[in-house]
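Colleague: query_27.cif (mmCIF, C-alpha atoms) pasted underneath:
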data_my_file
loop_
_atom_site.label_atom_id
_atom_site.label_comp_id
_atom_site.auth_asym_id
_atom_site.auth_seq_id
_atom_site.Cartn_x
_atom_site.Cartn_y
_atom_site.Cartn_z
CA MET A 19 59.96 83.24 150.98
CA SER A 20 63.12 83.88 152.99
CA ASP A 21 64.19 80.24 152.50
CA LEU A 22 63.96 80.78 148.78
CA ASP A 23 66.01 83.97 148.94
CA GLY A 24 68.55 82.19 151.15
CA THR A 25 69.13 79.48 148.57
CA ILE A 26 69.36 82.07 145.79
CA ARG A 27 72.00 83.90 147.84
CA GLN A 28 73.91 80.64 148.34
CA VAL A 29 73.91 80.03 144.59
CA LEU A 30 75.09 83.60 143.95
CA GLU A 31 77.81 83.15 146.57
CA ALA A 32 79.06 79.96 144.92
CA HIS A 33 78.66 80.88 141.24
CA GLY A 34 78.12 84.63 140.84
CA ARG A 35 81.78 85.69 141.19
CA LEU A 36 80.51 88.93 142.75
CA PRO A 37 82.93 91.30 144.44
CA SER A 38 80.54 91.80 147.39
CA THR A 39 79.04 89.14 149.64
CA PRO A 40 75.57 88.15 148.40
CA SER A 41 74.24 88.10 151.99
CA GLN A 42 74.72 91.88 152.03
CA LEU A 43 72.68 92.40 148.85
CA LYS A 44 69.16 93.73 148.98
CA ALA A 45 66.55 91.70 147.12
CA ASP A 46 66.11 94.31 144.42
CA ASP A 47 69.78 95.32 144.02
CA ASP A 48 70.85 95.17 140.36
CA LEU A 49 73.22 92.19 140.19
CA TYR A 50 74.75 93.30 136.89
CA GLU A 51 75.64 96.66 138.44
CA ARG A 52 77.15 94.69 141.33
CA GLY A 53 79.48 92.88 138.93
CA LEU A 54 77.56 89.83 137.68
CA SER A 55 79.11 89.01 134.28
CA SER A 56 77.32 87.37 131.36
CA HIS A 57 79.26 84.13 131.76
CA ALA A 58 78.76 84.07 135.54
CA SER A 59 75.02 84.55 135.01
CA VAL A 60 75.01 81.34 132.96
CA ASN A 61 76.63 79.47 135.85
CA VAL A 62 74.08 80.97 138.25
CA MET A 63 71.26 79.89 135.94
CA LEU A 64 72.52 76.29 135.76
CA ALA A 65 73.14 76.15 139.52
CA LEU A 66 69.61 77.44 140.25
CA GLU A 67 68.21 74.69 138.01
CA ASP A 68 70.17 72.10 139.98
CA ALA A 69 69.27 73.57 143.37
CA PHE A 70 65.54 73.74 142.67
CA ASP A 71 65.29 70.87 140.19
CA VAL A 72 63.62 73.07 137.60
CA GLU A 73 64.36 74.03 134.02
CA PHE A 74 64.00 77.62 132.88
CA PRO A 75 61.97 77.74 129.65
CA ASP A 76 63.41 79.63 126.66
CA SER A 77 61.17 82.60 127.45
CA LEU A 78 63.00 83.11 130.76
CA LEU A 79 66.52 82.64 129.36
CA LYS A 80 67.09 86.36 129.14
CA ARG A 81 69.10 89.00 130.92
CA GLY A 82 66.22 90.42 132.96
CA THR A 83 65.45 87.08 134.67
CA PHE A 84 68.71 87.22 136.63
CA ARG A 85 68.84 90.97 137.26
CA SER A 86 68.13 90.76 141.01
CA ILE A 87 67.37 88.30 143.78
CA ALA A 88 63.72 89.41 143.58
CA ALA A 89 63.63 88.83 139.80
CA ILE A 90 65.15 85.36 140.22
CA ARG A 91 62.62 84.57 142.97
CA GLU A 92 59.78 85.69 140.72
CA ALA A 93 61.03 83.53 137.85
CA LEU A 94 61.39 80.48 140.11
CA GLU A 95 57.91 80.99 141.55
CA SER A 96 56.49 81.07 138.04
CA LEU A 97 57.97 77.63 137.43
CA ALA A 98 56.78 75.73 140.46
CA THR A 99 54.46 75.96 143.41
CA PRO A 100 55.99 77.64 146.45
CA ALA A 101 55.58 74.41 148.40
CA THR A 102 57.78 72.57 145.91
CA LEU A 103 60.39 75.29 146.00
CA LYS A 104 60.41 75.30 149.78
CA ALA A 105 61.03 71.57 149.84
CA GLU A 106 63.81 71.80 147.29
CA SER A 107 65.55 74.68 149.02
CA ARG A 108 65.81 72.94 152.36
CA MET B 12 64.22 86.68 92.97
CA SER B 13 67.24 84.44 92.91
CA THR B 14 68.05 82.09 95.76
CA PRO B 15 71.46 81.42 97.36
CA GLU B 16 71.50 78.10 95.48
CA ASP B 17 70.95 79.93 92.17
CA PHE B 18 73.80 82.32 92.93
CA ARG B 19 76.06 79.42 93.88
CA ALA B 20 75.32 77.72 90.57
CA GLU B 21 76.16 80.96 88.71
CA LEU B 22 79.46 81.38 90.60
CA LEU B 23 80.45 77.78 89.81
CA ALA B 24 79.37 78.07 86.15
CA ALA B 25 81.42 81.25 85.78
CA GLY B 26 84.43 79.47 87.27
CA LEU B 27 84.83 82.06 90.03
CA LEU B 28 84.49 79.36 92.68
CA VAL B 29 85.00 75.62 92.36
CA ASP B 30 83.13 73.05 94.45
CA GLY B 31 85.57 71.78 97.09
CA GLY B 32 83.73 68.47 97.47
CA VAL B 33 82.09 69.27 100.82
CA PRO B 34 79.21 71.72 101.34
CA GLY B 35 80.64 75.11 102.23
CA VAL B 36 84.18 74.35 101.00
CA TYR B 37 85.33 76.08 97.84
CA HIS B 38 88.48 76.40 95.76
CA ARG B 39 89.00 79.97 94.60
CA SER B 40 89.87 81.08 91.10
CA PHE B 41 92.58 83.71 90.81
CA ARG B 42 89.89 86.02 89.42
CA TYR B 43 87.89 85.64 92.65
CA GLU B 44 91.07 86.04 94.70
CA SER B 45 91.86 89.33 93.00
CA ILE B 46 88.56 90.68 94.39
CA VAL B 47 89.31 89.41 97.90
CA ARG B 48 92.79 90.95 97.82
CA GLY B 49 91.42 94.22 96.47
CA VAL B 50 88.84 94.39 99.27
CA GLN B 51 91.44 93.49 101.89
CA ALA B 52 93.85 96.18 100.72
CA TYR B 53 91.01 98.71 100.38
CA VAL B 54 89.75 98.27 103.98
CA SER B 55 93.28 98.11 105.35
CA ALA B 56 94.65 101.25 103.66
CA PRO B 57 92.94 103.88 105.89
CA ALA B 58 94.36 102.26 109.03
CA HIS B 59 97.98 101.74 108.03
CA GLU B 60 99.32 104.26 110.54
CA GLU B 61 97.09 103.20 113.46
CA SER B 62 98.08 99.65 114.22
CA PHE B 63 100.84 98.75 116.65
CA LEU B 64 101.17 95.41 114.90
CA GLN B 65 99.87 93.95 111.62
CA LEU B 66 99.73 90.18 111.46
CA SER B 67 98.62 87.51 109.04
CA LEU B 68 97.81 84.34 110.98
CA PRO B 69 97.77 80.76 109.68
CA PRO B 70 94.46 78.86 109.42
CA VAL B 71 95.38 76.94 112.59
CA GLN B 72 95.88 77.99 116.18
CA ALA B 73 96.82 76.44 119.51
CA ARG B 74 94.07 74.18 120.83
CA SER B 75 94.46 75.91 124.20
CA THR B 76 93.21 79.14 122.61
CA LEU B 77 89.78 77.52 122.12
CA GLU B 78 89.72 76.53 125.79
CA ILE B 79 90.96 79.80 127.32
CA SER B 80 88.79 82.01 125.10
CA GLY B 81 85.66 80.09 126.14
CA TYR B 82 84.98 79.04 122.55
CA VAL B 83 84.71 75.38 123.59
CA SER B 84 81.69 76.07 125.80
CA SER B 85 80.12 78.84 123.72
CA PHE B 86 80.49 77.40 120.19
CA PRO B 87 81.37 73.67 120.47
CA ASN B 88 79.27 72.91 117.38
CA LEU B 89 81.22 75.35 115.20
CA MET B 90 84.80 74.59 116.19
CA GLY B 91 87.32 72.37 114.47
CA LEU B 92 90.01 70.36 116.25
CA ILE B 93 92.71 68.65 114.20
CA SER B 94 93.29 64.92 114.76
CA SER B 95 96.14 62.79 113.53
CA PHE B 96 97.35 59.23 113.77
CA ALA B 97 99.42 58.62 116.87
CA GLY B 98 99.43 54.81 116.86
CA THR B 99 102.24 52.33 116.30
CA GLU B 100 103.34 50.73 113.03
CA ARG B 101 101.66 47.53 114.16
CA GLU B 102 98.34 49.37 114.33
CA VAL B 103 98.79 50.78 110.85
CA ALA B 104 97.67 47.54 109.17
CA ALA B 105 94.25 47.61 110.82
CA PHE B 106 94.08 51.30 110.18
CA LEU B 107 94.79 50.80 106.46
CA ASP B 108 92.18 48.05 106.18
CA GLU B 109 89.57 50.41 107.52
CA THR B 110 90.73 53.26 105.33
CA GLU B 111 90.55 51.18 102.16
CA GLY B 112 87.35 49.42 103.20
CA GLY B 113 85.60 52.67 103.94
CA GLY B 114 85.44 51.83 107.64
CA ASP B 115 85.49 54.17 110.58
CA TRP B 116 89.22 54.95 110.43
CA ALA B 117 88.62 58.46 111.75
CA SER B 118 87.79 57.12 115.21
CA ARG B 119 91.39 55.81 115.42
CA MET B 120 92.67 59.36 115.25
CA THR B 121 94.01 61.22 118.27
CA PRO B 122 93.30 64.91 118.86
CA THR B 123 96.38 67.11 118.47
CA ASP B 124 97.37 70.40 120.09
CA VAL B 125 96.27 72.20 116.93
CA ALA B 126 92.81 73.57 116.19
CA LEU B 127 91.37 75.46 113.24
CA CYS B 128 91.36 79.22 113.64
CA SER B 129 88.04 80.27 115.21
CA ALA B 130 88.35 84.04 114.62
CA ALA B 131 91.24 86.20 113.51
CA CYS B 132 91.51 88.09 116.80
CA HIS B 133 91.56 84.89 118.89
CA GLY B 134 95.15 84.27 117.83
CA LEU B 135 96.15 87.71 119.12
CA TYR B 136 95.16 87.52 122.80
CA PRO B 137 97.50 84.68 123.86
CA MET B 138 100.38 86.68 122.29
CA LEU B 139 99.56 89.64 124.52
CA ALA B 140 99.30 87.66 127.77
CA GLY B 141 101.89 88.88 130.22
CA THR B 142 102.77 91.99 128.23
CA SER B 143 102.10 95.41 129.66
CA LEU B 144 99.82 97.53 127.50
CA PRO B 145 100.12 101.31 127.57
CA ASP B 146 97.40 103.22 129.48
CA GLU B 147 95.67 104.29 126.26
CA GLY B 148 95.63 100.71 124.94
CA ARG B 149 96.81 99.44 121.57
CA ARG B 150 95.40 98.70 118.12
CA TYR B 151 96.15 95.65 116.04
CA GLU B 152 95.31 94.55 112.50
CA VAL B 153 94.91 90.81 112.06
CA HIS B 154 94.09 88.68 109.05
CA ALA B 155 93.30 84.96 109.09
CA TRP B 156 91.58 82.06 107.41
CA CYS B 157 88.81 81.05 109.81
CA PHE B 158 86.71 77.93 110.18
CA ARG B 159 83.09 77.34 111.20
CA HIS B 160 81.59 73.87 111.02
CA GLU B 161 78.27 74.73 109.43
CA PRO B 162 77.94 72.96 106.08
CA SER B 163 75.49 74.82 103.84
CA PRO B 164 74.52 75.11 100.20
CA ASP B 165 74.53 78.90 100.62
CA PRO B 166 77.85 80.31 99.33
CA ALA B 167 77.51 83.08 101.94
CA ARG B 168 78.01 80.42 104.63
CA MET B 169 81.42 78.97 103.88
CA GLN B 170 83.15 76.62 106.30
CA SER B 171 86.52 78.18 105.48
CA PHE B 172 86.72 81.92 104.91
CA ARG B 173 88.84 85.05 105.42
CA MET B 174 88.40 87.56 108.25
CA HIS B 175 90.26 90.88 108.40
CA GLU B 176 90.05 92.46 111.84
CA PHE B 177 90.93 95.70 113.56
CA VAL B 178 91.33 95.00 117.26
CA TYR B 179 91.73 97.28 120.24
CA VAL B 180 92.89 96.19 123.69
CA GLY B 181 92.91 98.76 126.49
CA THR B 182 90.31 100.69 128.47
CA PRO B 183 86.49 100.31 128.42
CA SER B 184 85.97 103.76 126.86
CA GLY B 185 88.75 103.13 124.34
CA ALA B 186 87.18 99.83 123.32
CA GLU B 187 83.72 101.34 122.80
CA ALA B 188 85.18 104.26 120.86
CA HIS B 189 87.20 101.89 118.64
CA ARG B 190 84.13 99.85 117.76
CA GLN B 191 81.95 102.89 117.07
CA ALA B 192 84.62 104.56 114.93
CA TRP B 193 85.07 101.41 112.83
CA ILE B 194 81.32 100.84 112.40
CA SER B 195 81.06 104.33 110.99
CA ARG B 196 84.25 104.12 108.89
CA ALA B 197 83.40 100.66 107.51
CA THR B 198 79.85 101.68 106.61
CA GLY B 199 81.29 104.49 104.48
CA LEU B 200 83.95 102.26 102.91
CA LEU B 201 81.44 99.57 101.96
CA GLU B 202 78.84 102.04 100.69
CA ASP B 203 81.54 103.59 98.49
CA LEU B 204 81.82 100.15 96.84
CA GLY B 205 78.15 100.40 95.88
CA LEU B 206 76.82 98.11 98.62
CA ALA B 207 73.52 98.87 100.39
CA VAL B 208 74.63 98.58 104.01
CA ASP B 209 72.46 98.56 107.15
CA VAL B 210 73.84 98.57 110.69
CA VAL B 211 71.83 96.35 113.04
CA PRO B 212 72.22 95.08 116.65
CA ALA B 213 73.10 91.39 116.63
CA ASN B 214 74.17 88.43 118.75
CA ASP B 215 76.56 85.55 118.26
CA PRO B 216 75.09 82.06 117.72
CA PHE B 217 75.99 80.87 121.23
CA PHE B 218 75.36 77.18 121.79
CA GLY B 219 72.47 75.67 123.72
CA ARG B 220 70.28 77.03 126.52
CA SER B 221 73.19 78.81 128.18
CA GLY B 222 73.78 80.36 124.79
CA ARG B 223 70.30 81.84 124.77
CA LEU B 224 71.10 83.72 127.95
CA LEU B 225 74.49 84.88 126.59
CA ALA B 226 72.82 86.04 123.38
CA SER B 227 70.19 87.95 125.37
CA ASN B 228 72.94 89.65 127.37
CA GLN B 229 74.87 90.55 124.22
CA ARG B 230 71.81 91.99 122.54
CA THR B 231 70.44 93.86 125.56
CA LYS B 232 73.80 95.48 126.19
CA GLU B 233 74.23 96.18 122.45
CA LEU B 234 77.70 94.62 122.49
CA LYS B 235 77.55 93.47 118.86
CA TYR B 236 76.52 95.22 115.67
CA GLU B 237 76.47 93.74 112.21
CA LEU B 238 76.78 95.52 108.89
CA ILE B 239 74.35 93.68 106.65
CA ALA B 240 73.87 93.67 102.88
CA PRO B 241 72.63 91.20 100.26
CA ILE B 242 75.35 88.52 99.82
CA SER B 243 73.95 85.58 97.89
CA SER B 244 70.30 86.60 97.58
CA PRO B 245 68.20 89.73 98.21
CA ALA B 246 67.93 88.77 101.90
CA PRO B 247 70.73 90.66 103.66
CA GLY B 248 73.38 88.93 105.78
CA ALA B 249 76.35 90.08 107.83
CA ILE B 250 79.36 91.22 105.80
CA SER B 251 81.13 92.79 108.79
CA SER B 252 80.64 93.11 112.52
CA GLY B 253 81.78 95.24 115.42
CA ASN B 254 82.07 93.61 118.84
CA TYR B 255 82.73 95.05 122.28
CA HIS B 256 83.93 92.10 124.38
CA GLU B 257 84.02 94.02 127.68
CA ASP B 258 86.62 92.25 129.85
CA HIS B 259 85.91 88.76 128.46
CA PHE B 260 89.26 88.22 126.71
CA GLY B 261 91.10 90.49 129.17
CA SER B 262 90.05 88.26 132.08
CA ALA B 263 90.55 85.01 130.17
CA PHE B 264 94.06 85.79 128.93
CA GLY B 265 95.24 87.99 131.82
CA LEU B 266 95.53 91.21 129.82
CA ARG B 267 95.91 94.46 131.76
CA ALA B 268 95.80 98.12 130.81
CA ASN B 269 95.67 101.31 132.87
CA GLY B 270 95.98 99.33 136.11
CA ASP B 271 92.91 97.20 135.46
CA VAL B 272 91.73 94.17 133.51
CA ALA B 273 91.86 95.16 129.84
CA HIS B 274 88.69 95.55 127.81
CA SER B 275 88.74 94.78 124.09
CA ALA B 276 86.79 95.37 120.92
CA CYS B 277 87.18 94.20 117.36
CA PHE B 278 85.82 95.13 113.99
CA ALA B 279 85.84 92.28 111.47
CA PHE B 280 85.48 92.52 107.71
CA GLY B 281 84.23 89.26 106.18
CA LEU B 282 86.36 89.36 103.06
CA ASP B 283 84.68 86.47 101.26
CA ARG B 284 81.18 87.73 102.06
CA ILE B 285 82.06 91.26 100.91
CA SER B 286 83.49 89.82 97.67
CA LEU B 287 80.31 87.80 97.09
CA ALA B 288 78.17 90.85 97.86
CA LEU B 289 80.11 92.80 95.22
CA LEU B 290 79.62 90.02 92.67
CA LEU B 291 75.90 89.92 93.45
CA ARG B 292 75.62 93.71 93.24
CA HIS B 293 77.79 94.44 90.19
CA GLY B 294 77.68 91.15 88.28
CA LEU B 295 80.09 88.29 87.70
CA GLU B 296 82.18 90.15 85.10
CA VAL B 297 84.58 92.25 87.15
CA GLU B 298 85.68 94.11 84.02
CA MET B 299 82.12 95.44 83.75
CA TRP B 300 81.97 96.80 87.31
CA PRO B 301 81.58 100.59 87.77
CA ALA B 302 84.91 102.31 87.14
CA ASP B 303 85.02 104.00 90.58
CA VAL B 304 84.50 100.68 92.38
CA ARG B 305 87.31 99.05 90.37
CA ARG B 306 89.54 102.07 90.99
CA ARG B 307 89.00 101.88 94.77
CA LEU B 308 89.87 98.19 94.87
CA THR B 309 92.94 98.66 92.66
CA ALA B 310 94.05 101.73 94.63
CA GLY B 311 93.93 99.63 97.78
CA LEU B 312 96.24 97.07 96.20
CA ASP B 313 98.65 99.81 95.09
CA ALA B 314 98.64 101.38 98.56
CA GLY B 315 99.28 97.96 100.10
CA ALA B 316 102.22 97.42 97.78
CA ARG B 317 103.67 100.81 98.71
CA ALA B 318 103.23 100.12 102.42
CA ALA B 319 104.97 96.77 102.01
CA THR B 320 108.10 98.23 100.40
#
If you convert what's in this file into structure tokens, what do you get?
Modeller:
Amino acid sequence: MSDLDGTIRQVLEAHGRLPSTPSQLKADDDLYERGLSSHASVNVMLALEDAFDVEFPDSLLKRGTFRSIAAIREALESLATPATLKAESR
Amino acid sequence: MSTPEDFRAELLAAGLLVDGGVPGVYHRSFRYESIVRGVQAYVSAPAHEESFLQLSLPPVQARSTLEISGYVSSFPNLMGLISSFAGTEREVAAFLDETEGGGDWASRMTPTDVALCSAACHGLYPMLAGTSLPDEGRRYEVHAWCFRHEPSPDPARMQSFRMHEFVYVGTPSGAEAHRQAWISRATGLLEDLGLAVDVVPANDPFFGRSGRLLASNQRTKELKYELIAPISSPAPGAISSGNYHEDHFGSAFGLRANGDVAHSACFAFGLDRISLALLLRHGLEVEMWPADVRRRLTAGLDAGARAAT
């Protein structure tokens, strides 16, 4: 699980344009309150798809999916088996 | 119940609009134009003292505005970029052969630095880049012919149409207040013309899968409201909209106010859609419209003439 969060944090670091360092964020911190903009959330979404080789279905392309590291983790886990995600996040 | 196609046929038969040869492109009769100008003057009159600047923009804008505003990624399917021939005289012969033979001459064109105007307020932000806005922000009134590439048989969905906008650039609270004030003011103005107006949360038609996420953000945060009314059929469509852009244009164009990145909001009247809604509501004979509606539109024109002198 921590591997997964680590990769999510890396993606946020590279694409989230957040004022604070993602490594300091708690898993359930609200990313929008921490400065994640709408357009940056799109870049995060695309980068997560590349990092984990998944495609978010239309039902997950909504604001709540990217609200926190925990929410992102939950969405990713709904798309693939944890084993797959672990392999991809290495 | 009449359909948009029925209403289009009636407008063409009455000579108010003339088919421009491409779906969604229309020539306007002077009779139709007198309605558009009346509506424009009517919505503009209450705000004459408020705007720092009033501008009428041409139907074209700098191509760079599409890039900087993010329109290229958010609405690539709706935008229009102007191409022209940049070849040599020697290449003209082949070019002419293709033109006359109905060949693919268009692919020999080169994109220029000019694009079709995407929204009236988009022409404003590059003008403000590098200027210092006062702490309380500023208001602007902008009119333009706009373009959306979405050919349709519905006269409510024109490819080329007029937008009259009231824009605010300044602080977050100022931007929200501007939008709310105009939603309320515009609802009253349009209802006074006899239109049945509803105010509903809305989202822009952002492109693709990324667009779905942007639309969800816009809707969840209630950044956009539309004023809807029947336009070309009983099914209501947007005749105006109020948008809070947060710092989107402020960040993109480097606009600052009160020591921070500027936030902006706009309220846009769709002049052609309002004119069609009036024709649908009151009939195609303007002379037969209710006297108070005609008086309001005429009074707007008179007030505009006074303001111009």
Colleague: Determine, for each residue of chain B having at least one atom at most 12 Å from an atom of chain A, the closest pair of atoms and their separation in Å to one decimal, counting only C-alpha atoms; order by chain and ascending number, as JSON lines.
Modeller:
{"residue": "B:Ser80", "atom": "CA", "partner": "A:His57", "partner_atom": "CA", "distance": 11.8}
{"residue": "B:Gly81", "atom": "CA", "partner": "A:His57", "partner_atom": "CA", "distance": 9.4}
{"residue": "B:Tyr82", "atom": "CA", "partner": "A:His57", "partner_atom": "CA", "distance": 12.0}
{"residue": "B:Ser84", "atom": "CA", "partner": "A:His57", "partner_atom": "CA", "distance": 10.3}
{"residue": "B:Ser85", "atom": "CA", "partner": "A:His57", "partner_atom": "CA", "distance": 9.7}
{"residue": "B:Phe217", "atom": "CA", "partner": "A:His57", "partner_atom": "CA", "distance": 11.5}
{"residue": "B:Phe218", "atom": "CA", "partner": "A:Val60", "partner_atom": "CA", "distance": 11.9}
{"residue": "B:Gly219", "atom": "CA", "partner": "A:Asp76", "partner_atom": "CA", "distance": 10.3}
{"residue": "B:Arg220", "atom": "CA", "partner": "A:Leu79", "partner_atom": "CA", "distance": 7.3}
{"residue": "B:Ser221", "atom": "CA", "partner": "A:Val60", "partner_atom": "CA", "distance": 5.7}
{"residue": "B:Gly222", "atom": "CA", "partner": "A:Val60", "partner_atom": "CA", "distance": 8.3}
{"residue": "B:Arg223", "atom": "CA", "partner": "A:Leu79", "partner_atom": "CA", "distance": 6.0}
{"residue": "B:Leu224", "atom": "CA", "partner": "A:Leu79", "partner_atom": "CA", "distance": 4.9}
{"residue": "B:Leu225", "atom": "CA", "partner": "A:Ser56", "partner_atom": "CA", "distance": 6.1}
{"residue": "B:Ala226", "atom": "CA", "partner": "A:Lys80", "partner_atom": "CA", "distance": 8.1}
{"residue": "B:Ser227", "atom": "CA", "partner": "A:Lys80", "partner_atom": "CA", "distance": 5.1}
{"residue": "B:Asn228", "atom": "CA", "partner": "A:Arg81", "partner_atom": "CA", "distance": 5.3}
{"residue": "B:Gln229", "atom": "CA", "partner": "A:Ser56", "partner_atom": "CA", "distance": 8.2}
{"residue": "B:Arg230", "atom": "CA", "partner": "A:Arg81", "partner_atom": "CA", "distance": 9.3}
{"residue": "B:Thr231", "atom": "CA", "partner": "A:Arg81", "partner_atom": "CA", "distance": 7.4}
{"residue": "B:Lys232", "atom": "CA", "partner": "A:Arg81", "partner_atom": "CA", "distance": 9.3}
{"residue": "B:Leu234", "atom": "CA", "partner": "A:Ser56", "partner_atom": "CA", "distance": 11.5}
{"residue": "B:His256", "atom": "CA", "partner": "A:Ser56", "partner_atom": "CA", "distance": 10.7}
{"residue": "B:Glu257", "atom": "CA", "partner": "A:Ser55", "partner_atom": "CA", "distance": 9.6}
{"residue": "B:Asp258", "atom": "CA", "partner": "A:Ser55", "partner_atom": "CA", "distance": 9.3}
{"residue": "B:His259", "atom": "CA", "partner": "A:His57", "partner_atom": "CA", "distance": 8.7}
{"residue": "B:Phe260", "atom": "CA", "partner": "A:His57", "partner_atom": "CA", "distance": 11.9}
{"residue": "B:Ser262", "atom": "CA", "partner": "A:Ser55", "partner_atom": "CA", "distance": 11.2}
{"residue": "B:Ala263", "atom": "CA", "partner": "A:His57", "partner_atom": "CA", "distance": 11.4}
Colleague: Got a sec to resolve the PyMOL selection byres ((chain B and resi 17) around 12) on this structure and send the residues as a PyMOL selection string?
Modeller: chain B and resi 12-16+18-24+164-166+243-245+291
Colleague: Grab the CA of Ser62 in chain B to CA of Glu152 in chain B distance for me, in Å with one decimal place.
Modeller: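 Straight-line distance from CA of Ser62 in chain B to CA of Glu152 in chain B works out to 6.1 Å.
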Colleague: Report as a list in words the full result of the PyMOL selection byres ((chain B and resi 126) around 10) when it is applied to this structure.
Modeller: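 So the PyMOL selection byres ((chain B and resi 126) around 10) ends up selecting Pro70, Val71, Gln72, Ala73, Arg74, Ser75, Thr76, Leu77, Met90, Gly91, Leu92, Ile93, Ser94, Pro122, Thr123, Asp124, Val125, Leu127, Cys128, Ser129 and Phe158 of chain B.
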Colleague: Between CA of Met120 in chain B and CA of Asp108 in chain B, what is the distance in Å, rounded to a tenth?
Modeller: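 These two atoms are separated by 14.5 Å.
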Colleague: Restricting the calculation to all atoms listed in the file: of B:Leu287, B:Leu135, B:Ala279, B:Ala213, which residue gets closest to Ser67 in chain B?
Modeller: B:Leu135
Colleague: In Å, how far is it from CA of Ala98 in chain A to CA of Val72 in chain A?
Modeller: 7.9 Å
Colleague: As a check of understanding, name the residues that the PyMOL selection byres ((chain A and resi 33) around 9) selects in the supplied structure, as a list in words.
Modeller: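 Output of the PyMOL selection byres ((chain A and resi 33) around 9): Gln28, Val29, Leu30, Glu31, Ala32, Gly34, Arg35, Leu36, Ala58, Ser59, Asn61, Val62 and Ala65 of chain A.
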Colleague: Do you know which residues are at most 9 Å from Ser38 in chain A counting all atoms listed in the file, after dropping those on the same chain fewer than 4 positions away, and could you put them as a list of chain:residue names?
Modeller: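 Here the qualifying residues turn out to be A:Gln42, A:Leu43, A:Arg52, A:Gly53.
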Colleague: Next, the residues of the selection above should be written as a PDB file, in the frame of the given file with C-alpha atoms.
Modeller:
ATOM      1  CA  GLN A  42      74.720  91.880 152.030  1.00  0.00           C
ATOM      2  CA  LEU A  43      72.680  92.400 148.850  1.00  0.00           C
ATOM      3  CA  ARG A  52      77.150  94.690 141.330  1.00  0.00           C
ATOM      4  CA  GLY A  53      79.480  92.880 138.930  1.00  0.00           C
TER       5      GLY A  53
END
Colleague: B:Asp215, B:Leu204, B:Ser171, B:Val153: which is nearest Gly31 in chain B, counting only C-alpha atoms?
Modeller: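 Checking each candidate against Gly31 in chain B, we get B:Ser171 as the closest.
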Colleague: Take the point (84.1, 87.5, 83.5) in the file's coordinates, draw a sphere of radius 12 Å around it, and report as a PyMOL selection string every protein, DNA or RNA residue with an atom inside or on it, counting all atoms listed in the file.
Modeller: chain B and resi 21-22+24-27+40-43+290+293-300
Colleague: My list of candidates is B:Gly181, B:Ser252, B:Ile46, B:Val33. Which is closest to Asp146 in chain B when distances are computed with all atoms listed in the file?
Modeller: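 Ranking B:Gly181, B:Ser252, B:Ile46, B:Val33 by distance to Asp146 in chain B, first place goes to B:Gly181.
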